[in-house]
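Chemist: I'd like to ask some things about the structure below.
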Amino acid sequence: MRTKLTLLNSMAGQEFDQALEQHVAWGLTVLDLKDAIFGKRIAELTQDEAERAANLIKAHNLSVHCLSTGLFSDEVERGETEFRRRYLDKLDAVIDIANALRPNLVRLLAAQTANRPEIANSIRYINTHHSWLIPLYIEAIDRLHDAGFRVTIENEVGGCILSTPTEILDFFASLDRPAKVCLTWDVQNLWQMGTYPTMAVYDQLKDLIGYYHLKGGQQKADNTALHWRSSLADASWPVVEITRQVVVDGVSPVICLNPSHGKIKPGYDYENIVQRNLDFICREILG
């Protein structure tokens, strides 16, 4: 099956119907819905709004690959009661939205920790100090699966509990739900967390990956840390080598383009960067 390409819906425009038209103009057939949906994030939609969005999507001959919710995005130090109130209590509403939009995946985020700089292995830390977290993820995964949806969990930045392949492997082993949940590997996010993208990192993670997020980014000459935002063509990490292998292995039926993180580089050309990135992927990877 040919790998498909998409991007976060807001990258195509802040007005939802116009963004759908832009997807069609770019030749994209699937959507990643996150925000800018009638001015709301995905989990904020009413049922009427979800059904209205579904009708617009159908009218444009598009389908939804992922609902990118922000569930579980908080710091674990806020405690189980707060996580349950903010996320588990909203899950039925998210399932209703998903039933209207029929995605292949529903995204949860890897949680954050306020103590990230002091933690060598976040999963050991969670098991020792916040042992409620993994059962909460399992409850959410099972409920979404029972409703007919596969879950994906994305590694984030900042104080994200997933900063290394070891932490990711330990986290998914603790979930013990391989048929129900997969990893969204955001390559640049993991780079920002200190793990530079290499084929060795991909090889460690590939059995978990079900969705692949693609961004550019450049390092400074004197180290490998992400510093500048850039197009994919000018990125410092091996975009083509890793992404071609993702396609060959078929681990991510859809690849999702995201905006690059990093500082704005003086004198760098950022014009039409979304179009340039789409052209690059189609020419160098999918062509």
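Residues in the structure tokens are named by chain (A, B, ... in the order shown) and by number from 1 within that chain; ligands are numbered from 1 in the order shown.
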Residues of stretch 139-204 of chain A within 8 Å of stretch 208-232 of chain A: nearest atom pair and distance (Å, one decimal) for each, counting only C-alpha atoms, sorted by chain and number, as a tab-separated table?

Modeler:
```
residue	atom	partner	partner_atom	distance
A:Thr152	CA	A:Gly210	CA	7.3
A:Phe172	CA	A:Leu208	CA	7.9
A:Pro178	CA	A:Leu208	CA	7.8
A:Cys182	CA	A:Gly210	CA	5.2
A:Leu183	CA	A:Ile209	CA	4.6
A:Thr184	CA	A:Tyr211	CA	4.5
A:Trp185	CA	A:Tyr212	CA	5.1
A:Asp186	CA	A:His213	CA	4.5
A:Val187	CA	A:His213	CA	6.4
A:Gln188	CA	A:Lys215	CA	6.1
A:Trp191	CA	A:Leu226	CA	6.8
A:Gln192	CA	A:Leu226	CA	6.0
A:Gly194	CA	A:Ala225	CA	7.2
A:Tyr196	CA	A:Thr224	CA	7.1
```

Chemist: Mind dumping the selected residues with N, CA, C and O atoms as a PDB file, in the first residue's frame?

Modeler:
```
ATOM      1  N   THR A 152      -2.902   6.157  19.571  1.00  0.00           N
ATOM      2  CA  THR A 152      -1.483   6.445  19.380  1.00  0.00           C
ATOM      3  C   THR A 152      -1.056   7.450  20.438  1.00  0.00           C
ATOM      4  O   THR A 152      -1.831   8.335  20.810  1.00  0.00           O
ATOM      5  N   PHE A 172       5.875   1.617  26.814  1.00  0.00           N
ATOM      6  CA  PHE A 172       4.956   0.765  26.068  1.00  0.00           C
ATOM      7  C   PHE A 172       4.928  -0.662  26.621  1.00  0.00           C
ATOM      8  O   PHE A 172       3.889  -1.329  26.567  1.00  0.00           O
ATOM      9  N   PRO A 178      -0.064  -4.036  22.824  1.00  0.00           N
ATOM     10  CA  PRO A 178       0.494  -3.831  21.477  1.00  0.00           C
ATOM     11  C   PRO A 178      -0.537  -3.792  20.362  1.00  0.00           C
ATOM     12  O   PRO A 178      -0.324  -3.138  19.339  1.00  0.00           O
ATOM     13  N   CYS A 182      -0.121   2.416  19.643  1.00  0.00           N
ATOM     14  CA  CYS A 182       1.163   2.531  18.950  1.00  0.00           C
ATOM     15  C   CYS A 182       1.802   3.868  19.304  1.00  0.00           C
ATOM     16  O   CYS A 182       1.178   4.748  19.903  1.00  0.00           O
ATOM     17  N   LEU A 183       3.040   4.017  18.906  1.00  0.00           N
ATOM     18  CA  LEU A 183       3.788   5.249  19.114  1.00  0.00           C
ATOM     19  C   LEU A 183       3.650   6.166  17.907  1.00  0.00           C
ATOM     20  O   LEU A 183       3.816   5.729  16.768  1.00  0.00           O
ATOM     21  N   THR A 184       3.325   7.426  18.160  1.00  0.00           N
ATOM     22  CA  THR A 184       3.577   8.472  17.168  1.00  0.00           C
ATOM     23  C   THR A 184       4.982   8.980  17.437  1.00  0.00           C
ATOM     24  O   THR A 184       5.231   9.634  18.461  1.00  0.00           O
ATOM     25  N   TRP A 185       5.905   8.639  16.544  1.00  0.00           N
ATOM     26  CA  TRP A 185       7.289   9.109  16.710  1.00  0.00           C
ATOM     27  C   TRP A 185       7.416  10.473  16.061  1.00  0.00           C
ATOM     28  O   TRP A 185       7.468  10.589  14.848  1.00  0.00           O
ATOM     29  N   ASP A 186       7.424  11.513  16.892  1.00  0.00           N
ATOM     30  CA  ASP A 186       7.756  12.843  16.409  1.00  0.00           C
ATOM     31  C   ASP A 186       9.266  12.977  16.514  1.00  0.00           C
ATOM     32  O   ASP A 186       9.813  13.137  17.601  1.00  0.00           O
ATOM     33  N   VAL A 187       9.902  12.899  15.378  1.00  0.00           N
ATOM     34  CA  VAL A 187      11.368  12.810  15.336  1.00  0.00           C
ATOM     35  C   VAL A 187      12.008  14.046  15.967  1.00  0.00           C
ATOM     36  O   VAL A 187      12.919  13.938  16.792  1.00  0.00           O
ATOM     37  N   GLN A 188      11.519  15.220  15.580  1.00  0.00           N
ATOM     38  CA  GLN A 188      12.134  16.435  16.098  1.00  0.00           C
ATOM     39  C   GLN A 188      11.864  16.621  17.587  1.00  0.00           C
ATOM     40  O   GLN A 188      12.728  17.100  18.324  1.00  0.00           O
ATOM     41  N   TRP A 191      14.354  14.654  19.364  1.00  0.00           N
ATOM     42  CA  TRP A 191      15.630  15.361  19.209  1.00  0.00           C
ATOM     43  C   TRP A 191      15.716  16.495  20.230  1.00  0.00           C
ATOM     44  O   TRP A 191      16.740  16.652  20.915  1.00  0.00           O
ATOM     45  N   GLN A 192      14.652  17.295  20.350  1.00  0.00           N
ATOM     46  CA  GLN A 192      14.648  18.376  21.327  1.00  0.00           C
ATOM     47  C   GLN A 192      14.826  17.867  22.755  1.00  0.00           C
ATOM     48  O   GLN A 192      15.388  18.563  23.608  1.00  0.00           O
ATOM     49  N   GLY A 194      16.726  15.514  23.546  1.00  0.00           N
ATOM     50  CA  GLY A 194      18.102  15.076  23.730  1.00  0.00           C
ATOM     51  C   GLY A 194      18.525  13.858  22.942  1.00  0.00           C
ATOM     52  O   GLY A 194      19.691  13.457  23.016  1.00  0.00           O
ATOM     53  N   TYR A 196      19.253  12.557  19.423  1.00  0.00           N
ATOM     54  CA  TYR A 196      19.452  12.935  18.017  1.00  0.00           C
ATOM     55  C   TYR A 196      18.947  11.816  17.098  1.00  0.00           C
ATOM     56  O   TYR A 196      19.166  10.624  17.374  1.00  0.00           O
TER      57      TYR A 196
END
```

Chemist: Near A:Gly148, counting only C-alpha atoms, which residues have an atom at most 12 Å away, once you skip same-chain residues fewer than 3 positions from it, shown as a PyMOL selection string?

Modeler: chain A and resi 95-96+98-99+102-106+141-145+151+180

Chemist: Create the file for the chosen residues now, containing C-alpha atoms and written as a PDB file, in the first residue's frame.

Modeler:
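The result, written out as out_37.pdb:
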```pdb
ATOM      1  CA  ILE A  95     -15.446   9.034  21.782  1.00  0.00           C
ATOM      2  CA  ASP A  96     -18.662  10.722  20.601  1.00  0.00           C
ATOM      3  CA  ALA A  98     -14.591  10.186  17.100  1.00  0.00           C
ATOM      4  CA  ASN A  99     -17.794   8.320  16.258  1.00  0.00           C
ATOM      5  CA  ARG A 102     -14.306   8.031  12.163  1.00  0.00           C
ATOM      6  CA  PRO A 103     -10.522   8.370  12.456  1.00  0.00           C
ATOM      7  CA  ASN A 104      -8.050   5.513  12.150  1.00  0.00           C
ATOM      8  CA  LEU A 105      -6.205   6.776  15.235  1.00  0.00           C
ATOM      9  CA  VAL A 106      -6.976   8.806  18.342  1.00  0.00           C
ATOM     10  CA  ILE A 141      -6.679   2.898  25.752  1.00  0.00           C
ATOM     11  CA  ASP A 142      -9.121   0.124  26.594  1.00  0.00           C
ATOM     12  CA  ARG A 143     -12.136   2.440  26.464  1.00  0.00           C
ATOM     13  CA  LEU A 144     -11.120   3.859  23.104  1.00  0.00           C
ATOM     14  CA  HIS A 145     -10.375   0.392  21.751  1.00  0.00           C
ATOM     15  CA  VAL A 151      -4.776   4.756  20.129  1.00  0.00           C
ATOM     16  CA  LYS A 180      -4.420  -1.387  20.854  1.00  0.00           C
TER      17      LYS A 180
END
```

Chemist: Please provide the set of residues having any atom within 10 Å of A:Arg86, restricted to only C-alpha atoms, with same-chain residues fewer than 3 positions apart removed, written as an MDAnalysis selection string.

Modeler: chainID A and resid 71:74 80:83 89:91

Chemist: Just list the residues in stretch 212-258 of chain A DSSP gives alpha helix (DSSP H) on the backbone, as a list in words.

Modeler: Val239, Val240, Glu241, Ile242, Thr243, Arg244, Gln245, Val246, Val247, Val248 and Asp249 of chain A

Chemist: Kindly export the residues of the current selection with N, CA and C atoms, as a tab-separated table (two decimals), in the first residue's frame.

Modeler:
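out34.tsv written:
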```tsv
chain	number	residue	atom	x	y	z
A	239	VAL	N	16.93	13.10	7.24
A	239	VAL	CA	15.50	13.02	6.91
A	239	VAL	C	15.22	11.95	5.87
A	240	VAL	N	15.96	11.99	4.77
A	240	VAL	CA	15.65	11.09	3.65
A	240	VAL	C	15.94	9.65	4.03
A	241	GLU	N	17.09	9.38	4.64
A	241	GLU	CA	17.46	8.01	4.99
A	241	GLU	C	16.45	7.37	5.93
A	242	ILE	N	16.10	8.08	7.00
A	242	ILE	CA	15.18	7.51	7.98
A	242	ILE	C	13.77	7.39	7.40
A	243	THR	N	13.31	8.43	6.72
A	243	THR	CA	11.94	8.43	6.23
A	243	THR	C	11.74	7.41	5.12
A	244	ARG	N	12.72	7.24	4.27
A	244	ARG	CA	12.62	6.19	3.25
A	244	ARG	C	12.49	4.82	3.89
A	245	GLN	N	13.20	4.59	5.01
A	245	GLN	CA	13.09	3.29	5.68
A	245	GLN	C	11.73	3.12	6.34
A	246	VAL	N	11.19	4.20	6.88
A	246	VAL	CA	9.83	4.17	7.42
A	246	VAL	C	8.85	3.72	6.34
A	247	VAL	N	9.02	4.26	5.13
A	247	VAL	CA	8.14	3.90	4.02
A	247	VAL	C	8.36	2.45	3.60
A	248	VAL	N	9.62	2.04	3.46
A	248	VAL	CA	9.93	0.66	3.05
A	248	VAL	C	9.34	-0.34	4.05
A	249	ASP	N	9.49	-0.05	5.34
A	249	ASP	CA	9.01	-0.96	6.38
A	249	ASP	C	7.50	-0.90	6.57
```

Chemist: Of the candidates A:Gln14, A:Ser122, A:Asn277, A:Asn155, which shows the shortest atom-to-atom distance to A:Leu109, using only C-alpha atoms?

Modeler: A:Asn155

Chemist: Which distance in Å separates atom CA of A:Ala53 and atom CA of A:Asn258, to one decimal?

Modeler: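 Calculated distance between atom CA of A:Ala53 and atom CA of A:Asn258 is 21.6 Å.
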